[in-house]
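Trainee: My file is my_file-v4.txt. It has compact mmCIF, C-alpha atoms and all ligand atoms:
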# COMPACT_ATOMS: atom_id res chain seq x y z
CA MET A 1 -12.31 -29.44 5.75
CA GLY A 2 -12.54 -32.86 4.10
CA PHE A 3 -12.82 -33.06 0.33
CA SER A 4 -15.39 -34.82 -1.76
CA GLN A 5 -17.27 -34.45 -4.97
CA GLU A 6 -19.11 -31.62 -3.20
CA TYR A 7 -16.03 -29.40 -3.53
CA ARG A 8 -17.01 -27.46 -6.61
CA PHE A 9 -15.96 -24.08 -7.89
CA GLN A 10 -19.35 -22.44 -8.30
CA GLY A 11 -19.58 -20.93 -11.76
CA ILE A 12 -16.10 -21.79 -13.05
CA GLU A 13 -17.48 -21.79 -16.61
CA GLU A 14 -18.53 -18.13 -16.22
CA ILE A 15 -15.06 -16.90 -15.35
CA LEU A 16 -13.23 -18.77 -18.11
CA VAL A 17 -12.68 -16.98 -21.39
CA SER A 18 -11.11 -20.03 -23.01
CA GLY A 19 -8.97 -23.01 -22.15
CA PRO A 20 -9.97 -26.44 -21.01
CA ILE A 21 -10.50 -27.61 -17.47
CA VAL A 22 -8.27 -30.64 -17.25
CA PRO A 23 -10.40 -33.78 -17.16
CA ALA A 24 -9.71 -36.69 -14.82
CA GLY A 25 -8.62 -39.80 -16.67
CA PRO A 26 -5.66 -41.42 -18.36
CA SER A 27 -2.80 -38.97 -18.55
CA ALA A 28 -1.39 -37.56 -21.74
CA ARG A 29 2.06 -36.52 -20.64
CA ARG A 30 4.57 -34.44 -22.53
CA PRO A 31 2.46 -33.22 -25.45
CA TYR A 32 4.38 -29.97 -25.87
CA CYS A 33 7.65 -31.08 -27.38
CA ASN A 34 8.07 -32.74 -30.73
CA ASN A 35 11.73 -33.60 -30.31
CA GLY A 36 11.56 -35.64 -27.12
CA PRO A 37 11.58 -34.26 -23.58
CA VAL A 38 13.60 -31.19 -22.71
CA THR A 39 15.48 -32.18 -19.58
CA ARG A 40 16.65 -28.72 -18.59
CA ALA A 41 15.36 -25.31 -19.65
CA SER A 42 17.88 -22.61 -20.49
CA LEU A 43 17.88 -19.28 -18.68
CA ASP A 44 15.98 -17.57 -21.51
CA LYS A 45 13.04 -19.71 -20.32
CA GLN A 46 11.48 -20.67 -23.65
CA PRO A 47 7.92 -21.64 -22.67
CA HIS A 48 7.99 -24.99 -24.54
CA GLU A 49 11.26 -25.91 -22.79
CA VAL A 50 9.95 -24.93 -19.35
CA ALA A 51 6.68 -26.84 -19.84
CA SER A 52 8.47 -29.90 -21.14
CA MET A 53 10.97 -29.85 -18.26
CA PHE A 54 8.10 -29.79 -15.75
CA ASP A 55 6.22 -32.52 -17.66
CA ASP A 56 9.33 -34.59 -17.15
CA VAL A 57 9.64 -34.11 -13.36
CA ALA A 58 5.88 -34.18 -12.62
CA GLU A 59 5.59 -37.65 -11.10
CA ARG A 60 8.27 -37.12 -8.44
CA TYR A 61 8.03 -33.33 -8.18
CA ASP A 62 6.41 -33.15 -4.71
CA LEU A 63 8.71 -35.76 -3.18
CA THR A 64 11.82 -34.05 -4.56
CA ASN A 65 10.64 -30.71 -3.16
CA ASP A 66 10.25 -32.16 0.32
CA VAL A 67 13.70 -33.75 0.22
CA LEU A 68 15.61 -30.79 -1.25
CA SER A 69 14.03 -28.23 1.07
CA LEU A 70 14.46 -30.54 4.09
CA GLY A 71 10.71 -30.25 4.68
CA GLN A 72 10.81 -26.43 4.81
CA ASP A 73 8.41 -26.23 1.86
CA ARG A 74 5.54 -27.22 4.18
CA ARG A 75 6.28 -24.29 6.50
CA TRP A 76 6.59 -21.90 3.57
CA ARG A 77 3.19 -23.04 2.26
CA LYS A 78 1.59 -22.34 5.67
CA GLU A 79 3.00 -18.81 5.56
CA VAL A 80 1.63 -18.30 2.05
CA ALA A 81 -1.82 -19.41 3.25
CA LYS A 82 -1.64 -16.89 6.11
CA ALA A 83 -0.61 -14.09 3.75
CA VAL A 84 -3.38 -14.89 1.23
CA ASP A 85 -5.90 -15.20 4.09
CA ALA A 86 -8.53 -16.83 1.88
CA ARG A 87 -12.09 -16.86 3.23
CA PRO A 88 -14.91 -19.31 2.50
CA ALA A 89 -16.34 -18.87 -1.01
CA GLN A 90 -13.67 -16.38 -2.07
CA LYS A 91 -12.20 -17.02 -5.51
CA VAL A 92 -8.46 -17.71 -5.49
CA LEU A 93 -6.26 -18.23 -8.52
CA ASP A 94 -3.20 -20.39 -7.82
CA LEU A 95 -1.08 -19.70 -10.87
CA ALA A 96 1.72 -22.07 -11.94
CA ALA A 97 0.09 -24.48 -9.52
CA GLY A 98 1.83 -27.53 -10.93
CA THR A 99 0.38 -30.63 -9.27
CA GLY A 100 -1.81 -28.44 -7.04
CA THR A 101 0.06 -29.01 -3.78
CA SER A 102 0.28 -25.23 -3.43
CA SER A 103 -3.51 -24.97 -3.97
CA LEU A 104 -4.57 -27.28 -1.14
CA PRO A 105 -4.15 -24.82 1.77
CA PHE A 106 -6.61 -22.42 0.07
CA ALA A 107 -9.15 -25.17 -0.63
CA ARG A 108 -8.96 -26.15 3.04
CA THR A 109 -10.26 -22.71 4.06
CA GLY A 110 -13.41 -23.24 1.98
CA ALA A 111 -12.30 -20.82 -0.74
CA TYR A 112 -12.78 -21.78 -4.40
CA VAL A 113 -9.30 -22.26 -5.76
CA VAL A 114 -8.42 -22.65 -9.44
CA PRO A 115 -5.04 -24.31 -10.02
CA CYS A 116 -3.74 -23.10 -13.39
CA ASP A 117 -0.55 -24.20 -15.17
CA PHE A 118 0.80 -24.77 -18.68
CA SER A 119 2.50 -28.12 -18.04
CA GLN A 120 0.03 -30.83 -19.01
CA GLY A 121 2.21 -33.35 -17.18
CA MET A 122 1.98 -31.48 -13.86
CA LEU A 123 -1.78 -30.89 -14.30
CA GLN A 124 -2.44 -34.55 -15.05
CA VAL A 125 -0.50 -35.78 -12.02
CA GLY A 126 -2.44 -33.27 -9.91
CA LYS A 127 -5.79 -34.33 -11.36
CA GLU A 128 -5.02 -37.96 -10.54
CA ARG A 129 -4.18 -37.05 -6.93
CA GLN A 130 -6.85 -34.37 -6.29
CA PRO A 131 -9.62 -34.98 -8.84
CA TRP A 132 -11.98 -32.50 -7.15
CA LEU A 133 -9.86 -29.45 -7.99
CA PRO A 134 -10.70 -27.54 -11.22
CA TYR A 135 -7.24 -27.77 -12.83
CA THR A 136 -7.11 -25.36 -15.74
CA ALA A 137 -4.58 -25.19 -18.56
CA GLY A 138 -3.28 -21.68 -19.09
CA ASP A 139 -0.21 -19.55 -19.72
CA ALA A 140 0.63 -16.94 -17.07
CA THR A 141 1.18 -14.29 -19.74
CA ARG A 142 -2.25 -14.86 -21.39
CA LEU A 143 -4.59 -16.00 -18.66
CA PRO A 144 -7.85 -17.63 -19.76
CA PHE A 145 -9.96 -15.71 -17.21
CA ARG A 146 -12.19 -12.66 -17.34
CA ASP A 147 -11.15 -9.27 -15.93
CA ASP A 148 -11.71 -8.56 -12.20
CA THR A 149 -12.54 -12.18 -11.32
CA PHE A 150 -10.48 -13.28 -8.32
CA ASP A 151 -10.37 -12.07 -4.72
CA ALA A 152 -6.76 -13.22 -4.54
CA VAL A 153 -4.14 -14.38 -7.01
CA THR A 154 -1.07 -16.23 -5.86
CA ILE A 155 1.92 -17.95 -7.39
CA SER A 156 4.37 -20.19 -5.53
CA PHE A 157 7.77 -21.01 -7.00
CA GLY A 158 6.37 -20.25 -10.44
CA LEU A 159 7.05 -16.61 -11.36
CA ARG A 160 10.81 -17.22 -11.68
CA ASN A 161 10.06 -19.72 -14.46
CA VAL A 162 7.85 -17.43 -16.53
CA GLN A 163 9.67 -15.97 -19.51
CA ASP A 164 8.02 -12.54 -19.32
CA THR A 165 7.70 -11.75 -15.59
CA ASP A 166 6.20 -8.30 -16.14
CA ALA A 167 3.50 -9.59 -18.50
CA ALA A 168 2.52 -12.21 -15.88
CA LEU A 169 2.31 -9.55 -13.14
CA ARG A 170 0.06 -7.43 -15.40
CA GLU A 171 -2.15 -10.43 -16.26
CA MET A 172 -2.51 -11.31 -12.58
CA HIS A 173 -3.53 -7.70 -11.96
CA ARG A 174 -6.10 -7.82 -14.79
CA VAL A 175 -7.90 -10.91 -13.42
CA THR A 176 -7.96 -9.65 -9.80
CA ARG A 177 -11.02 -7.71 -8.62
CA PRO A 178 -10.49 -4.13 -7.34
CA GLY A 179 -9.49 -4.44 -3.67
CA GLY A 180 -8.11 -7.94 -4.26
CA ARG A 181 -4.56 -9.04 -3.47
CA ILE A 182 -1.56 -10.81 -4.90
CA VAL A 183 0.85 -13.02 -2.95
CA ILE A 184 4.05 -14.23 -4.57
CA CYS A 185 6.14 -16.91 -2.92
CA GLU A 186 9.52 -17.28 -4.58
CA PHE A 187 13.11 -18.19 -3.85
CA SER A 188 15.01 -15.03 -3.13
CA HIS A 189 18.28 -13.74 -1.75
CA PRO A 190 19.42 -14.40 1.85
CA THR A 191 19.86 -11.06 3.55
CA TRP A 192 22.89 -11.88 5.76
CA ALA A 193 25.94 -11.81 3.47
CA PRO A 194 27.95 -14.69 5.07
CA PHE A 195 24.89 -16.94 4.94
CA ARG A 196 24.24 -15.84 1.35
CA THR A 197 27.70 -17.10 0.36
CA VAL A 198 27.24 -20.48 2.08
CA TYR A 199 23.77 -20.82 0.60
CA THR A 200 24.95 -20.09 -2.91
CA GLU A 201 27.67 -22.71 -2.53
CA TYR A 202 25.16 -25.21 -1.17
CA LEU A 203 22.83 -24.51 -4.05
CA MET A 204 25.33 -24.75 -6.83
CA ARG A 205 27.18 -27.76 -5.47
CA ALA A 206 24.79 -29.86 -3.41
CA LEU A 207 21.48 -29.48 -5.20
CA PRO A 208 22.14 -31.45 -8.42
CA PRO A 209 23.83 -34.45 -6.65
CA VAL A 210 21.00 -34.70 -4.09
CA ALA A 211 18.45 -34.32 -6.87
CA ARG A 212 20.13 -37.20 -8.70
CA ALA A 213 19.06 -39.50 -5.85
CA VAL A 214 15.38 -38.54 -5.84
CA SER A 215 14.33 -36.80 -9.04
CA SER A 216 13.38 -38.32 -12.37
CA ASN A 217 15.31 -35.46 -14.01
CA PRO A 218 18.30 -34.19 -11.98
CA ASP A 219 19.27 -31.78 -14.78
CA ALA A 220 16.15 -29.76 -14.01
CA TYR A 221 17.72 -28.95 -10.64
CA VAL A 222 20.77 -27.42 -12.30
CA TYR A 223 18.29 -25.03 -13.94
CA LEU A 224 16.69 -24.44 -10.51
CA ALA A 225 20.01 -23.34 -8.98
CA GLU A 226 20.89 -21.13 -11.96
CA SER A 227 17.48 -19.48 -12.14
CA ILE A 228 17.50 -18.66 -8.41
CA ARG A 229 20.86 -16.93 -8.74
CA ALA A 230 19.63 -14.86 -11.67
CA TRP A 231 16.33 -13.86 -9.98
CA PRO A 232 15.82 -10.21 -8.81
CA ASP A 233 16.29 -9.54 -5.12
CA GLN A 234 13.44 -8.52 -2.79
CA PRO A 235 13.38 -4.72 -3.48
CA ALA A 236 13.79 -5.22 -7.24
CA LEU A 237 10.81 -7.60 -7.41
CA ALA A 238 8.73 -5.19 -5.29
CA GLN A 239 9.49 -2.44 -7.79
CA ARG A 240 8.32 -4.61 -10.68
CA LEU A 241 5.05 -5.31 -8.87
CA GLY A 242 4.52 -1.55 -8.56
CA LYS A 243 5.20 -1.03 -12.27
CA ALA A 244 2.63 -3.71 -13.12
CA GLY A 245 -0.04 -1.69 -11.25
CA TRP A 246 0.03 -3.26 -7.78
CA SER A 247 -0.11 -0.90 -4.82
CA ARG A 248 0.92 -1.08 -1.13
CA VAL A 249 3.59 -3.63 -2.07
CA ALA A 250 5.52 -5.18 0.82
CA TRP A 251 7.55 -8.30 1.40
CA ARG A 252 8.54 -10.67 4.16
CA ASN A 253 11.56 -12.96 4.27
CA LEU A 254 11.28 -16.62 5.24
CA SER A 255 14.23 -18.78 6.28
CA GLY A 256 16.55 -15.76 6.27
CA GLY A 257 15.54 -14.72 2.75
CA ILE A 258 15.91 -18.12 1.04
CA VAL A 259 12.27 -17.48 0.24
CA ALA A 260 10.40 -14.16 0.14
CA LEU A 261 6.66 -13.48 0.18
CA HIS A 262 5.63 -10.37 -1.73
CA ARG A 263 2.15 -8.98 -1.29
CA GLY A 264 0.28 -6.19 -3.09
CA PHE A 265 -3.25 -4.92 -3.71
CA LYS A 266 -5.29 -3.79 -6.69
CA ASN A 267 -6.86 -0.36 -6.22
C1 LIG B 1 8.31 -25.13 -9.41
S1 LIG B 1 6.71 -25.45 -10.05
C2 LIG B 1 5.66 -24.82 -8.78
C3 LIG B 1 4.42 -25.62 -8.59
C4 LIG B 1 3.58 -25.26 -7.37
N1 LIG B 1 3.13 -23.88 -7.42
C5 LIG B 1 4.30 -25.52 -6.09
O1 LIG B 1 4.43 -24.58 -5.28
O2 LIG B 1 4.69 -26.65 -5.86
C6 LIG B 1 6.62 -24.20 -11.30
C7 LIG B 1 5.43 -24.35 -12.21
O3 LIG B 1 5.36 -23.18 -13.03
C8 LIG B 1 4.75 -23.56 -14.24
N2 LIG B 1 4.95 -22.49 -15.21
C9 LIG B 1 6.11 -21.94 -15.63
N3 LIG B 1 5.88 -20.99 -16.54
C10 LIG B 1 4.53 -20.91 -16.70
C11 LIG B 1 3.67 -20.11 -17.51
N4 LIG B 1 4.17 -19.20 -18.36
N5 LIG B 1 2.34 -20.29 -17.41
C12 LIG B 1 1.83 -21.22 -16.57
N6 LIG B 1 2.59 -22.03 -15.79
C13 LIG B 1 3.93 -21.87 -15.85
C14 LIG B 1 5.45 -24.86 -14.56
O4 LIG B 1 4.77 -25.63 -15.52
C15 LIG B 1 5.50 -25.53 -13.19
O5 LIG B 1 4.42 -26.40 -12.96
Rewrite the structure from the file as structure tokens, please.
Ligand SMILES: C[S@@+](CC[C@H](N)C(=O)[O-])C[C@H]1O[C@@H](n2cnc3c(N)ncnc32)[C@H](O)[C@@H]1O

Mentor:
Amino acid sequence: MGFSQEYRFQGIEEILVSGPIVPAGPSARRPYCNNGPVTRASLDKQPHEVASMFDDVAERYDLTNDVLSLGQDRRWRKEVAKAVDARPAQKVLDLAAGTGTSSLPFARTGAYVVPCDFSQGMLQVGKERQPWLPYTAGDATRLPFRDDTFDAVTISFGLRNVQDTDAALREMHRVTRPGGRIVICEFSHPTWAPFRTVYTEYLMRALPPVARAVSSNPDAYVYLAESIRAWPDQPALAQRLGKAGWSRVAWRNLSGGIVALHRGFKN
């Protein structure tokens, strides 16, 4: 499907409780931090630090992703699209959508996708690149949408950065319609122990130097490595989905467990 001004989320105003749709136009980057940009969030994931860190990497975020994942990110996104299985005119929330690269596969199916994020910098870069998408400012733990709105909610490489994971899982459940689904794509834990060791070494040692060559903020990639190590493994995340109200929870490993897709349904 090609995109044009005709790509419109029908009735976006009706599903929003509050929060602006990000307008196209000159960007206002980094409005969240009064003391200059935060280059690297700490592991307690203070929302203003996380938002500021992403404001700071926004411009080169997609390029850095491609380089650091050796192009694997494109394959992972295809698998997410298959798992979400969005149909024409279905409503899909792509939470922590950043620049909206993760939203594009859903838009291509003819679904109405809402990219939502709390980094103004990421949203503005996205709006400049894909002005037809209804970028919406919002915090994952207090979503600006009505109950039972979306056919599917999804979050790619975002949940790990949210300070209160369980609150975000409950909010995603609240805005999903009964029968709807959640798909989480997140870095996880390689399942084969020898590979896990090599991977952890690669992450901790190679990521920041490589990031130095391509990213506007290499320090952010030290945070990336640390936050992946501290993230719950596949069964532990599945359990948290269940506690937040999701049923029939299952997961699938990609690239040996470097990434995992978790899926669940709302009864
Ligand atoms: C690694 S990026 C992922 C972007 C995109 N989903 C992708 O796959 O490329 C993580 C995003 O999560 C967003 N984020 C983190 N915590 C958030 C929160 N509490 N509410 C909304 N967005 C959040 C950040 O601003 C950032 O844009």

Trainee: Could you name the residues that touch Ser69 in chain A at 12 Å or less, counting all atoms listed in the file, but leaving out those on the same chain fewer than 5 positions away, as a ChimeraX atom specification?

Mentor: /A:62-64,74-76,187,202-203,206-207,210-211,255,258-259

Trainee: Using only C-alpha atoms and all ligand atoms, pick whichever of A:Phe9, A:Tyr223, A:Trp132, A:Phe195 has the shortest atom-to-atom distance to ligand LIG 1 (chain B).

Mentor: A:Tyr223

Trainee: Which residues of range 114-163 of chain A sit at most 12 Å from range 229-238 of chain A, using all atoms listed in the file? Give each one's shortest atom pair and distance in Å (one decimal place), in chain and ascending residue order, as a tab-separated table.

Mentor:
residue	atom	partner	partner_atom	distance
A:Phe157	CA	A:Trp231	CA	11.5
A:Gly158	CA	A:Trp231	CA	11.8
A:Leu159	CA	A:Trp231	CA	9.8
A:Arg160	CA	A:Trp231	CA	6.7
A:Asn161	CA	A:Trp231	CA	9.7
A:Val162	CA	A:Trp231	CA	11.3
A:Gln163	CA	A:Trp231	CA	11.8

Trainee: Those same residues, written as a PDB file, in the coordinates of the input with C-alpha atoms?

Mentor:
ATOM      1  CA  PHE A 157       7.770 -21.010  -7.000  1.00  0.00           C
ATOM      2  CA  GLY A 158       6.370 -20.250 -10.440  1.00  0.00           C
ATOM      3  CA  LEU A 159       7.050 -16.610 -11.360  1.00  0.00           C
ATOM      4  CA  ARG A 160      10.810 -17.220 -11.680  1.00  0.00           C
ATOM      5  CA  ASN A 161      10.060 -19.720 -14.460  1.00  0.00           C
ATOM      6  CA  VAL A 162       7.850 -17.430 -16.530  1.00  0.00           C
ATOM      7  CA  GLN A 163       9.670 -15.970 -19.510  1.00  0.00           C
TER       8      GLN A 163
END

Trainee: Which protein, DNA or RNA residues are at most 12 Å from (8.5, -28.4, -12.6) in the file's coordinates when you count all atoms listed in the file, listed as a PyMOL selection string?

Mentor: chain A and resi 38-41+49-65+96-100+117-123+125+156-162+215-221+223-224

Trainee: I'd like a table as a tab-separated table: residues in range 157-265 of chain A with an atom no more than 6 Å from range 139-151 of chain A, each row giving the shortest atom pair and its distance in Å to one decimal, only C-alpha atoms counted, sorted by chain and rising residue number.

Mentor:
residue	atom	partner	partner_atom	distance
A:Ala167	CA	A:Thr141	CA	5.4
A:Ala168	CA	A:Thr141	CA	4.6
A:Arg174	CA	A:Asp147	CA	5.4
A:Val175	CA	A:Asp147	CA	4.4
A:Thr176	CA	A:Asp148	CA	4.6
A:Arg177	CA	A:Asp148	CA	3.7
A:Gly180	CA	A:Asp151	CA	4.7

Trainee: Give me the residues within 10 Å of Ala83 in chain A as a VMD selection string, counting all atoms listed in the file and dropping any in the same chain fewer than 4 places off.

Mentor: chain A and resid 77 to 79 154 181 to 185 252 261 to 263

Trainee: Please produce an output containing C-alpha atoms for each residue in the selection, written as a compact mmCIF listing (two decimals), keeping the file's coordinate frame.

Mentor:
# COMPACT_ATOMS: atom_id res chain seq x y z
CA ARG A 77 3.19 -23.04 2.26
CA LYS A 78 1.59 -22.34 5.67
CA GLU A 79 3.00 -18.81 5.56
CA THR A 154 -1.07 -16.23 -5.86
CA ARG A 181 -4.56 -9.04 -3.47
CA ILE A 182 -1.56 -10.81 -4.90
CA VAL A 183 0.85 -13.02 -2.95
CA ILE A 184 4.05 -14.23 -4.57
CA CYS A 185 6.14 -16.91 -2.92
CA ARG A 252 8.54 -10.67 4.16
CA LEU A 261 6.66 -13.48 0.18
CA HIS A 262 5.63 -10.37 -1.73
CA ARG A 263 2.15 -8.98 -1.29

Trainee: Rounded to one decimal place, report the CA of Val17 in chain A-atom O4 of ligand LIG 1 (chain B) distance in Å.

Mentor: 20.3 Å

Trainee: Would you please work out which residue, of A:Ala244, A:Ile155, A:Val214, A:Met172, is nearest to ligand LIG 1 (chain B) when using all atoms listed in the file?

Mentor: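 Looking at the shortest contact to ligand LIG 1 (chain B), the residue is A:Ile155.
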
Trainee: Of the candidates A:Ile21, A:Leu43, A:Ala81, A:Val153, which one gets nearest to His173 in chain A if we count only C-alpha atoms?

Mentor: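 Using only C-alpha atoms, the shortest distance to His173 in chain A belongs to A:Val153.
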
Trainee: Counting all atoms listed in the file, what is within 10 Å of Thr109 in chain A, bar same-chain residues fewer than 2 positions away, as an MDAnalysis selection string?

Mentor: chainID A and resid 1 81 85:90 104:107 111:113

Trainee: In terms of the shortest atom-to-atom distance over all atoms listed in the file, which of A:Thr197, A:Gln124, A:Gln72, A:Ser102 is closest to ligand LIG 1 (chain B)?

Mentor: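 Among the listed residues, A:Ser102 lies closest to ligand LIG 1 (chain B).
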
Trainee: What does the structure give for the distance between atom O1 of ligand LIG 1 (chain B) and CA of Ser103 in chain A, in Å to one decimal?

Mentor: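 The value is 8.1 Å.
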
Trainee: Would you compute the distance between CA of Tyr135 in chain A and CA of Gln46 in chain A? Give it in Å to one decimal.

Mentor: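 Rounded to one decimal, the two atoms are 22.8 Å apart.
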
Trainee: For Gly179 in chain A, please output as a short mmCIF file (atom, residue, chain, number, x, y, z; two decimals) with C-alpha atoms, in the coordinates of the input all residues within 9 Å (counting all atoms listed in the file; exclusion window: fewer than 5 positions along the same chain).

Mentor:
data_model
loop_
_atom_site.label_atom_id
_atom_site.label_comp_id
_atom_site.auth_asym_id
_atom_site.auth_seq_id
_atom_site.Cartn_x
_atom_site.Cartn_y
_atom_site.Cartn_z
CA ASP A 151 -10.37 -12.07 -4.72
CA PHE A 265 -3.25 -4.92 -3.71
CA LYS A 266 -5.29 -3.79 -6.69
CA ASN A 267 -6.86 -0.36 -6.22
#

Trainee: Pick the closest to ligand LIG 1 (chain B) from A:Gly138, A:Pro209, A:Pro131, A:Pro194: which is it, counting all atoms listed in the file?

Mentor: A:Gly138

Trainee: Which one of A:His48, A:Lys82, A:Arg129, A:Arg240 sits closest to Leu169 in chain A if you count only C-alpha atoms?

Mentor: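 Smallest distance to Leu169 in chain A is found for A:Arg240.
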
Trainee: I'd like the box whose edges run along x, y and z of the file and which contains every listed atom of range 57-71 of chain A, padded by 8 Å per side; could you state its centre and edge lengths in Å, one decimal, as lines of an AutoDock Vina configuration file?

Mentor:
center_x = 10.6
center_y = -32.9
center_z = -4.3
size_x = 26.0
size_y = 25.4
size_z = 34.0
